[in-house]
$ cat structure38.tsv   # TSV, N, CA and C atoms
chain	number	residue	atom	x	y	z
O	6	MET	N	119.65	131.65	90.91
O	6	MET	CA	120.66	130.76	90.41
O	6	MET	C	121.46	130.13	91.54
O	7	GLY	N	121.05	130.29	92.76
O	7	GLY	CA	121.77	129.67	93.86
O	7	GLY	C	121.51	128.19	93.91
O	8	THR	N	122.23	127.52	94.77
O	8	THR	CA	122.04	126.08	94.90
O	8	THR	C	121.02	125.81	95.97
O	9	GLN	N	120.29	124.74	95.77
O	9	GLN	CA	119.30	124.33	96.76
O	9	GLN	C	119.99	123.45	97.80
O	10	PRO	N	119.53	123.51	99.04
O	10	PRO	CA	120.10	122.61	100.04
O	10	PRO	C	119.73	121.17	99.71
O	11	ALA	N	120.60	120.26	100.04
O	11	ALA	CA	120.34	118.84	99.80
O	11	ALA	C	119.14	118.41	100.63
O	12	ARG	N	118.28	117.60	100.02
O	12	ARG	CA	117.12	117.06	100.72
O	12	ARG	C	117.48	115.73	101.34
O	13	ASP	N	117.00	115.51	102.55
O	13	ASP	CA	117.23	114.23	103.21
O	13	ASP	C	116.32	113.20	102.56
O	14	LYS	N	116.89	112.24	101.88
O	14	LYS	CA	116.12	111.23	101.17
O	14	LYS	C	115.90	109.99	102.04
O	15	GLY	N	116.42	110.00	103.27
O	15	GLY	CA	116.28	108.84	104.13
O	15	GLY	C	117.36	107.81	103.85
O	16	LEU	N	117.42	106.84	104.69
O	16	LEU	CA	118.40	105.78	104.54
O	16	LEU	C	117.79	104.58	103.86
O	17	SER	N	118.61	103.82	103.18
O	17	SER	CA	118.15	102.56	102.60
O	17	SER	C	119.25	101.54	102.77
O	18	LEU	N	118.87	100.30	102.67
O	18	LEU	CA	119.80	99.18	102.80
O	18	LEU	C	119.49	98.18	101.71
O	19	ALA	N	120.50	97.79	100.96
O	19	ALA	CA	120.32	96.82	99.88
O	19	ALA	C	121.29	95.66	100.09
O	20	LEU	N	120.76	94.46	100.05
O	20	LEU	CA	121.59	93.26	100.12
O	20	LEU	C	121.56	92.57	98.76
O	21	HIS	N	122.72	92.52	98.13
O	21	HIS	CA	122.86	91.83	96.84
O	21	HIS	C	123.39	90.43	97.12
O	22	TYR	N	122.82	89.44	96.48
O	22	TYR	CA	123.31	88.08	96.68
O	22	TYR	C	123.55	87.37	95.35
O	23	ARG	N	123.92	88.12	94.33
O	23	ARG	CA	124.18	87.54	93.02
O	23	ARG	C	125.33	86.55	93.06
O	24	ARG	N	126.34	86.82	93.84
O	24	ARG	CA	127.49	85.92	93.92
O	24	ARG	C	127.30	84.81	94.95
O	25	ALA	N	126.23	84.90	95.70
O	25	ALA	CA	125.94	83.88	96.71
O	25	ALA	C	124.44	83.60	96.71
O	26	PRO	N	123.90	83.07	95.62
O	26	PRO	CA	122.44	82.89	95.53
O	26	PRO	C	121.86	82.01	96.64
O	27	ARG	N	122.65	81.13	97.20
O	27	ARG	CA	122.15	80.27	98.26
O	27	ARG	C	121.79	81.06	99.53
O	28	LEU	N	122.27	82.31	99.62
O	28	LEU	CA	121.96	83.15	100.77
O	28	LEU	C	120.72	84.02	100.55
O	29	GLY	N	120.03	83.84	99.43
O	29	GLY	CA	118.86	84.64	99.11
O	29	GLY	C	117.78	84.58	100.17
O	30	GLY	N	117.44	83.39	100.61
O	30	GLY	CA	116.39	83.24	101.62
O	30	GLY	C	116.75	83.96	102.91
O	31	TYR	N	118.01	83.82	103.32
O	31	TYR	CA	118.47	84.50	104.54
O	31	TYR	C	118.41	86.02	104.36
O	32	ALA	N	118.86	86.54	103.21
O	32	ALA	CA	118.84	87.98	102.96
O	32	ALA	C	117.41	88.52	103.04
O	33	HIS	N	116.46	87.82	102.44
O	33	HIS	CA	115.06	88.26	102.47
O	33	HIS	C	114.50	88.24	103.89
O	34	ARG	N	114.78	87.17	104.64
O	34	ARG	CA	114.30	87.10	106.02
O	34	ARG	C	114.90	88.22	106.87
O	35	LEU	N	116.19	88.49	106.70
O	35	LEU	CA	116.86	89.52	107.48
O	35	LEU	C	116.26	90.90	107.20
O	36	ILE	N	116.12	91.26	105.95
O	36	ILE	CA	115.57	92.57	105.61
O	36	ILE	C	114.13	92.71	106.08
O	37	ARG	N	113.34	91.65	105.90
O	37	ARG	CA	111.94	91.72	106.34
O	37	ARG	C	111.83	91.87	107.86
O	38	SER	N	112.72	91.22	108.59
O	38	SER	CA	112.67	91.35	110.05
O	38	SER	C	113.10	92.76	110.48
O	39	LEU	N	114.09	93.34	109.80
O	39	LEU	CA	114.50	94.71	110.11
O	39	LEU	C	113.38	95.70	109.79
O	40	ALA	N	112.75	95.53	108.65
O	40	ALA	CA	111.67	96.43	108.25
O	40	ALA	C	110.50	96.34	109.23
O	41	ALA	N	110.20	95.15	109.71
O	41	ALA	CA	109.09	94.98	110.66
O	41	ALA	C	109.39	95.73	111.97
O	42	ARG	N	110.64	95.75	112.39
O	42	ARG	CA	111.01	96.45	113.62
O	42	ARG	C	110.94	97.96	113.46
O	43	ILE	N	111.29	98.45	112.29
O	43	ILE	CA	111.35	99.90	112.06
O	43	ILE	C	109.97	100.50	111.87
O	44	GLY	N	109.09	99.78	111.20
O	44	GLY	CA	107.73	100.28	111.03
O	44	GLY	C	107.41	100.70	109.61
O	45	SER	N	106.27	101.35	109.46
O	45	SER	CA	105.72	101.62	108.14
O	45	SER	C	106.43	102.71	107.36
O	46	GLN	N	107.37	103.43	107.97
O	46	GLN	CA	108.08	104.45	107.20
O	46	GLN	C	109.06	103.83	106.21
O	47	TYR	N	109.28	102.52	106.30
O	47	TYR	CA	110.15	101.80	105.37
O	47	TYR	C	109.38	100.65	104.73
O	48	CYS	N	109.80	100.26	103.54
O	48	CYS	CA	109.19	99.13	102.87
O	48	CYS	C	110.28	98.25	102.26
O	49	VAL	N	109.90	97.04	101.90
O	49	VAL	CA	110.83	96.08	101.30
O	49	VAL	C	110.56	96.03	99.80
O	50	GLN	N	111.64	96.03	99.04
O	50	GLN	CA	111.54	95.93	97.57
O	50	GLN	C	112.52	94.85	97.12
O	51	THR	N	112.08	94.01	96.21
O	51	THR	CA	112.94	92.94	95.72
O	51	THR	C	113.27	93.15	94.25
O	52	GLY	N	114.38	92.56	93.83
O	52	GLY	CA	114.81	92.63	92.44
O	52	GLY	C	115.56	91.37	92.08
O	53	LYS	N	116.44	91.48	91.08
O	53	LYS	CA	117.22	90.33	90.63
O	53	LYS	C	118.35	90.07	91.62
O	54	ARG	N	118.14	89.09	92.48
O	54	ARG	CA	119.10	88.72	93.51
O	54	ARG	C	119.52	89.89	94.38
O	55	ILE	N	118.51	90.66	94.75
O	55	ILE	CA	118.69	91.79	95.66
O	55	ILE	C	117.40	91.96	96.46
O	56	VAL	N	117.55	92.37	97.70
O	56	VAL	CA	116.41	92.74	98.52
O	56	VAL	C	116.81	94.03	99.23
O	57	GLU	N	115.86	95.00	99.22
O	57	GLU	CA	116.15	96.32	99.75
O	57	GLU	C	115.13	96.73	100.80
O	58	MET	N	115.59	97.51	101.74
O	58	MET	CA	114.72	98.21	102.67
O	58	MET	C	114.92	99.69	102.38
O	59	LYS	N	113.84	100.37	102.03
O	59	LYS	CA	113.96	101.76	101.60
O	59	LYS	C	112.80	102.57	102.16
O	60	PRO	N	112.93	103.89	102.18
O	60	PRO	CA	111.82	104.71	102.67
O	60	PRO	C	110.55	104.46	101.85
O	61	ALA	N	109.44	104.32	102.53
O	61	ALA	CA	108.16	104.11	101.85
O	61	ALA	C	107.87	105.32	100.97
O	62	GLY	N	107.32	105.08	99.79
O	62	GLY	CA	106.97	106.15	98.88
O	62	GLY	C	108.12	106.65	98.03
O	63	LYS	N	109.29	106.04	98.17
O	63	LYS	CA	110.45	106.43	97.36
O	63	LYS	C	110.78	105.27	96.42
O	64	ASP	N	111.00	105.60	95.16
O	64	ASP	CA	111.43	104.60	94.20
O	64	ASP	C	112.25	105.32	93.13
O	65	LYS	N	112.69	104.62	92.13
O	65	LYS	CA	113.55	105.22	91.11
O	65	LYS	C	112.81	106.25	90.27
O	66	GLY	N	111.51	106.10	90.13
O	66	GLY	CA	110.72	107.10	89.42
O	66	GLY	C	110.67	108.42	90.20
O	67	VAL	N	110.47	108.33	91.50
O	67	VAL	CA	110.48	109.53	92.34
O	67	VAL	C	111.85	110.19	92.28
O	68	ALA	N	112.91	109.38	92.31
O	68	ALA	CA	114.27	109.92	92.23
O	68	ALA	C	114.48	110.68	90.92
O	69	VAL	N	114.00	110.13	89.80
O	69	VAL	CA	114.13	110.81	88.51
O	69	VAL	C	113.43	112.16	88.57
O	70	LEU	N	112.20	112.20	89.09
O	70	LEU	CA	111.47	113.46	89.18
O	70	LEU	C	112.22	114.49	90.02
O	71	GLU	N	112.80	114.04	91.13
O	71	GLU	CA	113.54	114.96	91.99
O	71	GLU	C	114.80	115.47	91.28
O	72	PHE	N	115.52	114.58	90.60
O	72	PHE	CA	116.70	115.01	89.85
O	72	PHE	C	116.33	116.04	88.79
O	73	MET	N	115.23	115.81	88.08
O	73	MET	CA	114.85	116.67	86.96
O	73	MET	C	114.43	118.07	87.41
O	74	GLN	N	114.24	118.27	88.69
O	74	GLN	CA	113.89	119.59	89.22
O	74	GLN	C	115.13	120.37	89.63
O	75	GLU	N	116.29	119.74	89.59
O	75	GLU	CA	117.52	120.38	90.06
O	75	GLU	C	118.50	120.60	88.91
O	76	GLU	N	119.35	121.59	89.10
O	76	GLU	CA	120.45	121.79	88.15
O	76	GLU	C	121.45	120.67	88.39
O	77	PRO	N	122.07	120.14	87.38
O	77	PRO	CA	122.09	120.54	85.98
O	77	PRO	C	121.06	119.79	85.13
O	78	PHE	N	120.11	119.11	85.74
O	78	PHE	CA	119.17	118.27	85.01
O	78	PHE	C	117.93	119.01	84.51
O	79	ARG	N	117.58	120.11	85.16
O	79	ARG	CA	116.36	120.85	84.82
O	79	ARG	C	116.37	121.23	83.34
O	80	GLY	N	115.27	120.93	82.63
O	80	GLY	CA	115.14	121.29	81.23
O	80	GLY	C	115.82	120.34	80.26
O	81	ARG	N	116.39	119.28	80.75
O	81	ARG	CA	117.08	118.32	79.89
O	81	ARG	C	116.23	117.07	79.66
O	82	THR	N	116.65	116.26	78.73
O	82	THR	CA	115.96	115.01	78.42
O	82	THR	C	116.52	113.90	79.30
O	83	PRO	N	115.66	113.24	80.09
O	83	PRO	CA	116.17	112.18	80.95
O	83	PRO	C	116.49	110.90	80.17
O	84	VAL	N	117.53	110.22	80.60
O	84	VAL	CA	117.92	108.93	80.06
O	84	VAL	C	118.00	107.98	81.25
O	85	PHE	N	117.30	106.86	81.17
O	85	PHE	CA	117.30	105.89	82.27
O	85	PHE	C	117.57	104.52	81.69
O	86	ILE	N	118.64	103.90	82.13
O	86	ILE	CA	119.05	102.59	81.65
O	86	ILE	C	119.07	101.64	82.83
O	87	GLY	N	118.46	100.46	82.69
O	87	GLY	CA	118.45	99.51	83.80
O	87	GLY	C	118.19	98.10	83.34
O	88	ASP	N	118.44	97.18	84.26
O	88	ASP	CA	118.28	95.76	83.94
O	88	ASP	C	117.44	95.00	84.96
O	89	ASP	N	116.83	95.70	85.90
O	89	ASP	CA	116.16	95.02	87.00
O	89	ASP	C	114.69	95.44	87.08
O	90	THR	N	113.92	94.65	87.79
O	90	THR	CA	112.51	94.98	87.98
O	90	THR	C	112.35	96.29	88.75
O	91	THR	N	113.29	96.61	89.63
O	91	THR	CA	113.22	97.86	90.38
O	91	THR	C	113.39	99.08	89.49
O	92	ASP	N	113.90	98.90	88.29
O	92	ASP	CA	114.09	100.00	87.34
O	92	ASP	C	112.81	100.38	86.61
O	93	GLU	N	111.78	99.56	86.70
O	93	GLU	CA	110.54	99.82	85.98
O	93	GLU	C	109.89	101.15	86.39
O	94	TYR	N	110.01	101.52	87.66
O	94	TYR	CA	109.48	102.81	88.11
O	94	TYR	C	110.19	103.96	87.39
O	95	GLY	N	111.50	103.84	87.25
O	95	GLY	CA	112.27	104.85	86.53
O	95	GLY	C	111.90	104.91	85.07
O	96	PHE	N	111.74	103.73	84.44
O	96	PHE	CA	111.34	103.70	83.03
O	96	PHE	C	110.01	104.41	82.82
O	97	ALA	N	109.03	104.09	83.67
O	97	ALA	CA	107.69	104.68	83.51
O	97	ALA	C	107.74	106.20	83.65
O	98	THR	N	108.49	106.69	84.61
O	98	THR	CA	108.61	108.13	84.80
O	98	THR	C	109.30	108.79	83.62
O	99	VAL	N	110.38	108.21	83.15
O	99	VAL	CA	111.11	108.76	82.01
O	99	VAL	C	110.21	108.76	80.77
O	100	ASN	N	109.40	107.75	80.60
O	100	ASN	CA	108.46	107.72	79.47
O	100	ASN	C	107.50	108.90	79.54
O	101	ARG	N	106.96	109.18	80.73
O	101	ARG	CA	106.05	110.31	80.90
O	101	ARG	C	106.74	111.64	80.60
O	102	LEU	N	108.06	111.70	80.82
O	102	LEU	CA	108.84	112.91	80.58
O	102	LEU	C	109.40	112.96	79.17
O	103	HIS	N	109.01	112.00	78.33
O	103	HIS	CA	109.45	111.92	76.93
O	103	HIS	C	110.96	111.76	76.80
O	104	GLY	N	111.52	110.97	77.70
O	104	GLY	CA	112.95	110.70	77.66
O	104	GLY	C	113.26	109.36	77.03
O	105	HIS	N	114.47	108.87	77.30
O	105	HIS	CA	114.93	107.59	76.76
O	105	HIS	C	114.95	106.56	77.89
O	106	SER	N	114.07	105.57	77.82
O	106	SER	CA	114.05	104.47	78.79
O	106	SER	C	114.57	103.22	78.08
O	107	VAL	N	115.59	102.61	78.65
O	107	VAL	CA	116.27	101.51	77.97
O	107	VAL	C	116.44	100.33	78.93
O	108	LYS	N	115.83	99.23	78.59
O	108	LYS	CA	115.97	97.97	79.33
O	108	LYS	C	117.18	97.23	78.77
O	109	VAL	N	118.03	96.76	79.66
O	109	VAL	CA	119.19	95.96	79.26
O	109	VAL	C	118.89	94.50	79.55
O	110	GLY	N	118.93	93.68	78.51
O	110	GLY	CA	118.69	92.26	78.66
O	110	GLY	C	117.23	91.88	78.50
O	111	PRO	N	116.93	90.61	78.78
O	111	PRO	CA	115.57	90.09	78.58
O	111	PRO	C	114.63	90.48	79.71
O	112	GLY	N	113.35	90.19	79.49
O	112	GLY	CA	112.35	90.39	80.53
O	112	GLY	C	111.32	91.42	80.12
O	113	ARG	N	110.15	91.31	80.74
O	113	ARG	CA	109.07	92.27	80.46
O	113	ARG	C	109.47	93.64	80.95
O	114	THR	N	108.99	94.67	80.25
O	114	THR	CA	109.38	96.03	80.62
O	114	THR	C	108.43	97.05	80.02
O	115	VAL	N	108.41	98.24	80.62
O	115	VAL	CA	107.72	99.38	80.04
O	115	VAL	C	108.70	100.29	79.32
O	116	ALA	N	109.97	99.95	79.35
O	116	ALA	CA	110.98	100.77	78.66
O	116	ALA	C	110.67	100.83	77.18
O	117	ARG	N	110.98	101.95	76.57
O	117	ARG	CA	110.70	102.13	75.14
O	117	ARG	C	111.68	101.36	74.27
O	118	TRP	N	112.88	101.17	74.74
O	118	TRP	CA	113.89	100.48	73.94
O	118	TRP	C	114.58	99.42	74.77
O	119	ARG	N	115.28	98.55	74.06
O	119	ARG	CA	116.00	97.45	74.72
O	119	ARG	C	117.37	97.32	74.07
O	120	LEU	N	118.35	97.07	74.91
O	120	LEU	CA	119.70	96.76	74.43
O	120	LEU	C	120.09	95.40	75.00
O	121	ARG	N	120.86	94.67	74.23
O	121	ARG	CA	121.20	93.28	74.56
O	121	ARG	C	122.02	93.14	75.85
O	122	ASP	N	123.05	93.98	76.01
O	122	ASP	CA	123.97	93.81	77.13
O	122	ASP	C	124.73	95.11	77.39
O	123	VAL	N	125.64	95.08	78.34
O	123	VAL	CA	126.40	96.27	78.72
O	123	VAL	C	127.22	96.80	77.54
O	124	GLY	N	127.78	95.91	76.73
O	124	GLY	CA	128.53	96.34	75.56
O	124	GLY	C	127.67	97.15	74.60
O	125	ALA	N	126.44	96.73	74.41
O	125	ALA	CA	125.52	97.47	73.54
O	125	ALA	C	125.16	98.83	74.15
O	126	VAL	N	125.07	98.90	75.47
O	126	VAL	CA	124.81	100.18	76.14
O	126	VAL	C	125.98	101.14	75.87
O	127	ARG	N	127.19	100.65	76.07
O	127	ARG	CA	128.37	101.50	75.83
O	127	ARG	C	128.40	102.01	74.39
O	128	ALA	N	128.13	101.15	73.46
O	128	ALA	CA	128.14	101.54	72.04
O	128	ALA	C	127.08	102.61	71.78
O	129	TRP	N	125.89	102.45	72.35
O	129	TRP	CA	124.82	103.43	72.18
O	129	TRP	C	125.20	104.78	72.78
O	130	LEU	N	125.79	104.76	73.97
O	130	LEU	CA	126.18	106.01	74.62
O	130	LEU	C	127.23	106.76	73.81
O	131	VAL	N	128.14	106.04	73.18
O	131	VAL	CA	129.15	106.68	72.33
O	131	VAL	C	128.50	107.36	71.14
O	132	ARG	N	127.40	106.77	70.61
O	132	ARG	CA	126.70	107.33	69.45
O	132	ARG	C	125.88	108.56	69.78
O	133	ARG	N	125.79	108.97	71.03
O	133	ARG	CA	125.02	110.13	71.47
O	133	ARG	C	123.52	109.82	71.51
O	134	PRO	N	123.02	109.34	72.62
O	134	PRO	CA	121.61	108.94	72.72
O	134	PRO	C	120.61	110.05	72.45
O	135	GLU	N	120.99	111.32	72.62
O	135	GLU	CA	120.01	112.38	72.35
O	135	GLU	C	119.71	112.52	70.87
O	136	GLU	N	120.52	111.92	70.03
O	136	GLU	CA	120.31	112.04	68.59
O	136	GLU	C	119.56	110.86	67.97
O	137	ASP	N	119.63	109.71	68.61
O	137	ASP	CA	118.89	108.56	68.05
O	137	ASP	C	118.59	107.54	69.13
O	138	ALA	N	117.55	106.78	68.90
O	138	ALA	CA	117.13	105.73	69.83
O	138	ALA	C	118.01	104.51	69.66
O	139	PRO	N	118.06	103.65	70.66
O	139	PRO	CA	118.87	102.43	70.55
O	139	PRO	C	118.40	101.53	69.41

$ encode --input "structure38.tsv" --output "structure tokens"
Amino acid sequence: MGTQPARDKGLSLALHYRRAPRLGGYAHRLIRSLAARIGSQYCVQTGKRIVEMKPAGKDKGVAVLEFMQEEPFRGRTPVFIGDDTTDEYGFATVNRLHGHSVKVGPGRTVARWRLRDVGAVRAWLVRRPEEDAP
């Protein structure tokens, strides 16, 4: 019942440009040039007005699996809510674990359920997601 030591998950860098979409091209060039200098231990991932440099082989699905092996998550039902393409890895993993995968907003997804917006997410969470689907 002791605690496990924290695992080094590596560093990541995310540049969001939602409030400055005109800087998107610059953000992508900057992250790609940094990743090229660092080497293959890092990769570039893109999303909705975001570009990230993250450890290769790590994604939101891997993070869910790692969380589910630790207390207080072990033995519980995972819930993953997201609105971006980068969330698809988490949705797929949660589906395999028979949890609740919820896409917020429009767009293609592997999530089992969809909610219209953040207000709908809040309302669903108040209703207790372990008892019913969105």

$ select_by_dssp --input "structure38.tsv" --residues "stretch 79-139 of chain O" --states "strand (DSSP E)" --output "PDB file with N, CA and C atoms, in the frame of the given file"
ATOM      1  N   VAL O  84     117.530 110.220  80.600  1.00  0.00           N
ATOM      2  CA  VAL O  84     117.920 108.930  80.060  1.00  0.00           C
ATOM      3  C   VAL O  84     118.000 107.980  81.250  1.00  0.00           C
ATOM      4  N   PHE O  85     117.300 106.860  81.170  1.00  0.00           N
ATOM      5  CA  PHE O  85     117.300 105.890  82.270  1.00  0.00           C
ATOM      6  C   PHE O  85     117.570 104.520  81.690  1.00  0.00           C
ATOM      7  N   ILE O  86     118.640 103.900  82.130  1.00  0.00           N
ATOM      8  CA  ILE O  86     119.050 102.590  81.650  1.00  0.00           C
ATOM      9  C   ILE O  86     119.070 101.640  82.830  1.00  0.00           C
ATOM     10  N   GLY O  87     118.460 100.460  82.690  1.00  0.00           N
ATOM     11  CA  GLY O  87     118.450  99.510  83.800  1.00  0.00           C
ATOM     12  C   GLY O  87     118.190  98.100  83.340  1.00  0.00           C
ATOM     13  N   HIS O 105     114.470 108.870  77.300  1.00  0.00           N
ATOM     14  CA  HIS O 105     114.930 107.590  76.760  1.00  0.00           C
ATOM     15  C   HIS O 105     114.950 106.560  77.890  1.00  0.00           C
ATOM     16  N   SER O 106     114.070 105.570  77.820  1.00  0.00           N
ATOM     17  CA  SER O 106     114.050 104.470  78.790  1.00  0.00           C
ATOM     18  C   SER O 106     114.570 103.220  78.080  1.00  0.00           C
ATOM     19  N   VAL O 107     115.590 102.610  78.650  1.00  0.00           N
ATOM     20  CA  VAL O 107     116.270 101.510  77.970  1.00  0.00           C
ATOM     21  C   VAL O 107     116.440 100.330  78.930  1.00  0.00           C
ATOM     22  N   LYS O 108     115.830  99.230  78.590  1.00  0.00           N
ATOM     23  CA  LYS O 108     115.970  97.970  79.330  1.00  0.00           C
ATOM     24  C   LYS O 108     117.180  97.230  78.770  1.00  0.00           C
ATOM     25  N   VAL O 109     118.030  96.760  79.660  1.00  0.00           N
ATOM     26  CA  VAL O 109     119.190  95.960  79.260  1.00  0.00           C
ATOM     27  C   VAL O 109     118.890  94.500  79.550  1.00  0.00           C
ATOM     28  N   TRP O 118     112.880 101.170  74.740  1.00  0.00           N
ATOM     29  CA  TRP O 118     113.890 100.480  73.940  1.00  0.00           C
ATOM     30  C   TRP O 118     114.580  99.420  74.770  1.00  0.00           C
ATOM     31  N   ARG O 119     115.280  98.550  74.060  1.00  0.00           N
ATOM     32  CA  ARG O 119     116.000  97.450  74.720  1.00  0.00           C
ATOM     33  C   ARG O 119     117.370  97.320  74.070  1.00  0.00           C
ATOM     34  N   LEU O 120     118.350  97.070  74.910  1.00  0.00           N
ATOM     35  CA  LEU O 120     119.700  96.760  74.430  1.00  0.00           C
ATOM     36  C   LEU O 120     120.090  95.400  75.000  1.00  0.00           C
TER      37      LEU O 120
END

$ residues_near_point --input "structure38.tsv" --point "(112.1, 102.8, 79.6)" --cutoff "7 Å" --atoms "all atoms listed in the file" --output "list in words"
Phe85, Gly95, Phe96, Ala97, Val99, Asn100, His105, Ser106, Val107, Lys108, Thr114, Val115, Ala116, Arg117 and Trp118 of chain O

$ closest_residue --input "structure38.tsv" --among "O:Arg54, O:Arg113, O:Lys65, O:Arg132" --to "O:Arg24" --atoms "all atoms listed in the file"
O:Arg54

$ residues_around --input "structure38.tsv" --residues "O:Arg37" --least-positions-apart "6" --cutoff "8 Å" --atoms "all atoms listed in the file" --output "list of chain:residue names"
O:Tyr31, O:Ile43, O:Cys48, O:Val49, O:Val56, O:Glu57, O:Met58

$ atom_distance --input "structure38.tsv" --atom1 "atom C of O:Ala61" --atom2 "atom N of O:Ser17"
11.1 Å

$ select_by_dssp --input "structure38.tsv" --residues "chain O" --states "helix (DSSP H, G or I)" --output "VMD selection string"
chain O and resid 26 to 43 65 to 73 90 to 101 123 to 131

$ closest_residue --input "structure38.tsv" --among "O:Gly104, O:Gly44, O:Gly29, O:Pro139" --to "O:Arg119" --atoms "only N, CA and C atoms"
O:Pro139

$ atom_distance --input "structure38.tsv" --atom1 "atom CA of O:Thr51" --atom2 "atom N of O:Asp92"
9.6 Å

$ atom_distance --input "structure38.tsv" --atom1 "atom N of O:Tyr47" --atom2 "atom CA of O:Lys59"
6.7 Å

$ closest_residue --input "structure38.tsv" --among "O:Gln50, O:Thr98, O:Val84, O:Thr90" --to "O:Val67" --atoms "only C-alpha atoms"
O:Thr98

$ closest_residue --input "structure38.tsv" --among "O:Glu75, O:Tyr22, O:Pro83, O:Ile36" --to "O:Lys53" --atoms "all atoms listed in the file"
O:Tyr22

$ axis_aligned_box --input "structure38.tsv" --around "stretch 27-39 of chain O" --padding-each-side "5 Å" --output "AutoDock Vina command-line options"
--center_x 117.2 --center_y 88.0 --center_z 103.8 --size_x 20.8 --size_y 25.4 --size_z 23.3

$ closest_residue --input "structure38.tsv" --among "O:Asp88, O:Lys63, O:Ala128, O:His103" --to "O:Leu16" --atoms "only C-alpha atoms"
O:Lys63

$ build_atoms --input "structure38.tsv" --residues "stretch 22-27 of chain O" --atoms "all heavy atoms" --output "PDB file, keeping the file's coordinate frame"
ATOM      1  N   TYR O  22     122.820  89.440  96.480  1.00  0.00           N
ATOM      2  CA  TYR O  22     123.310  88.080  96.680  1.00  0.00           C
ATOM      3  C   TYR O  22     123.550  87.370  95.350  1.00  0.00           C
ATOM      4  O   TYR O  22     123.474  86.148  95.252  1.00  0.00           O
ATOM      5  CB  TYR O  22     122.387  87.285  97.614  1.00  0.00           C
ATOM      6  CG  TYR O  22     120.926  87.297  97.237  1.00  0.00           C
ATOM      7  CD1 TYR O  22     120.399  86.299  96.425  1.00  0.00           C
ATOM      8  CD2 TYR O  22     120.088  88.295  97.706  1.00  0.00           C
ATOM      9  CE1 TYR O  22     119.066  86.309  96.076  1.00  0.00           C
ATOM     10  CE2 TYR O  22     118.751  88.307  97.355  1.00  0.00           C
ATOM     11  CZ  TYR O  22     118.247  87.312  96.546  1.00  0.00           C
ATOM     12  OH  TYR O  22     116.919  87.325  96.204  1.00  0.00           O
ATOM     13  N   ARG O  23     123.920  88.120  94.330  1.00  0.00           N
ATOM     14  CA  ARG O  23     124.180  87.540  93.020  1.00  0.00           C
ATOM     15  C   ARG O  23     125.330  86.550  93.060  1.00  0.00           C
ATOM     16  O   ARG O  23     125.314  85.552  92.355  1.00  0.00           O
ATOM     17  CB  ARG O  23     124.485  88.635  91.992  1.00  0.00           C
ATOM     18  CG  ARG O  23     123.263  89.394  91.580  1.00  0.00           C
ATOM     19  CD  ARG O  23     123.544  90.434  90.514  1.00  0.00           C
ATOM     20  NE  ARG O  23     122.294  91.104  90.175  1.00  0.00           N
ATOM     21  CZ  ARG O  23     122.203  92.120  89.379  1.00  0.00           C
ATOM     22  NH1 ARG O  23     123.284  92.622  88.819  1.00  0.00           N
ATOM     23  NH2 ARG O  23     121.034  92.661  89.120  1.00  0.00           N
ATOM     24  N   ARG O  24     126.340  86.820  93.840  1.00  0.00           N
ATOM     25  CA  ARG O  24     127.490  85.920  93.920  1.00  0.00           C
ATOM     26  C   ARG O  24     127.300  84.810  94.950  1.00  0.00           C
ATOM     27  O   ARG O  24     128.149  83.923  95.050  1.00  0.00           O
ATOM     28  CB  ARG O  24     128.751  86.705  94.244  1.00  0.00           C
ATOM     29  CG  ARG O  24     129.188  87.573  93.094  1.00  0.00           C
ATOM     30  CD  ARG O  24     130.515  88.180  93.390  1.00  0.00           C
ATOM     31  NE  ARG O  24     131.100  88.701  92.183  1.00  0.00           N
ATOM     32  CZ  ARG O  24     132.284  89.231  92.124  1.00  0.00           C
ATOM     33  NH1 ARG O  24     133.029  89.309  93.217  1.00  0.00           N
ATOM     34  NH2 ARG O  24     132.748  89.699  90.987  1.00  0.00           N
ATOM     35  N   ALA O  25     126.230  84.900  95.700  1.00  0.00           N
ATOM     36  CA  ALA O  25     125.940  83.880  96.710  1.00  0.00           C
ATOM     37  C   ALA O  25     124.440  83.600  96.710  1.00  0.00           C
ATOM     38  O   ALA O  25     123.760  83.863  97.706  1.00  0.00           O
ATOM     39  CB  ALA O  25     126.425  84.322  98.085  1.00  0.00           C
ATOM     40  N   PRO O  26     123.900  83.070  95.620  1.00  0.00           N
ATOM     41  CA  PRO O  26     122.440  82.890  95.530  1.00  0.00           C
ATOM     42  C   PRO O  26     121.860  82.010  96.640  1.00  0.00           C
ATOM     43  O   PRO O  26     120.697  82.162  96.995  1.00  0.00           O
ATOM     44  CB  PRO O  26     122.235  82.270  94.147  1.00  0.00           C
ATOM     45  CG  PRO O  26     123.564  81.830  93.674  1.00  0.00           C
ATOM     46  CD  PRO O  26     124.602  82.617  94.425  1.00  0.00           C
ATOM     47  N   ARG O  27     122.650  81.130  97.200  1.00  0.00           N
ATOM     48  CA  ARG O  27     122.150  80.270  98.260  1.00  0.00           C
ATOM     49  C   ARG O  27     121.790  81.060  99.530  1.00  0.00           C
ATOM     50  O   ARG O  27     121.079  80.573 100.399  1.00  0.00           O
ATOM     51  CB  ARG O  27     123.160  79.177  98.588  1.00  0.00           C
ATOM     52  CG  ARG O  27     124.411  79.677  99.242  1.00  0.00           C
ATOM     53  CD  ARG O  27     125.467  78.584  99.442  1.00  0.00           C
ATOM     54  NE  ARG O  27     126.636  79.087 100.093  1.00  0.00           N
ATOM     55  CZ  ARG O  27     127.571  79.863  99.522  1.00  0.00           C
ATOM     56  NH1 ARG O  27     127.455  80.214  98.261  1.00  0.00           N
ATOM     57  NH2 ARG O  27     128.612  80.287 100.216  1.00  0.00           N
TER      58      ARG O  27
END
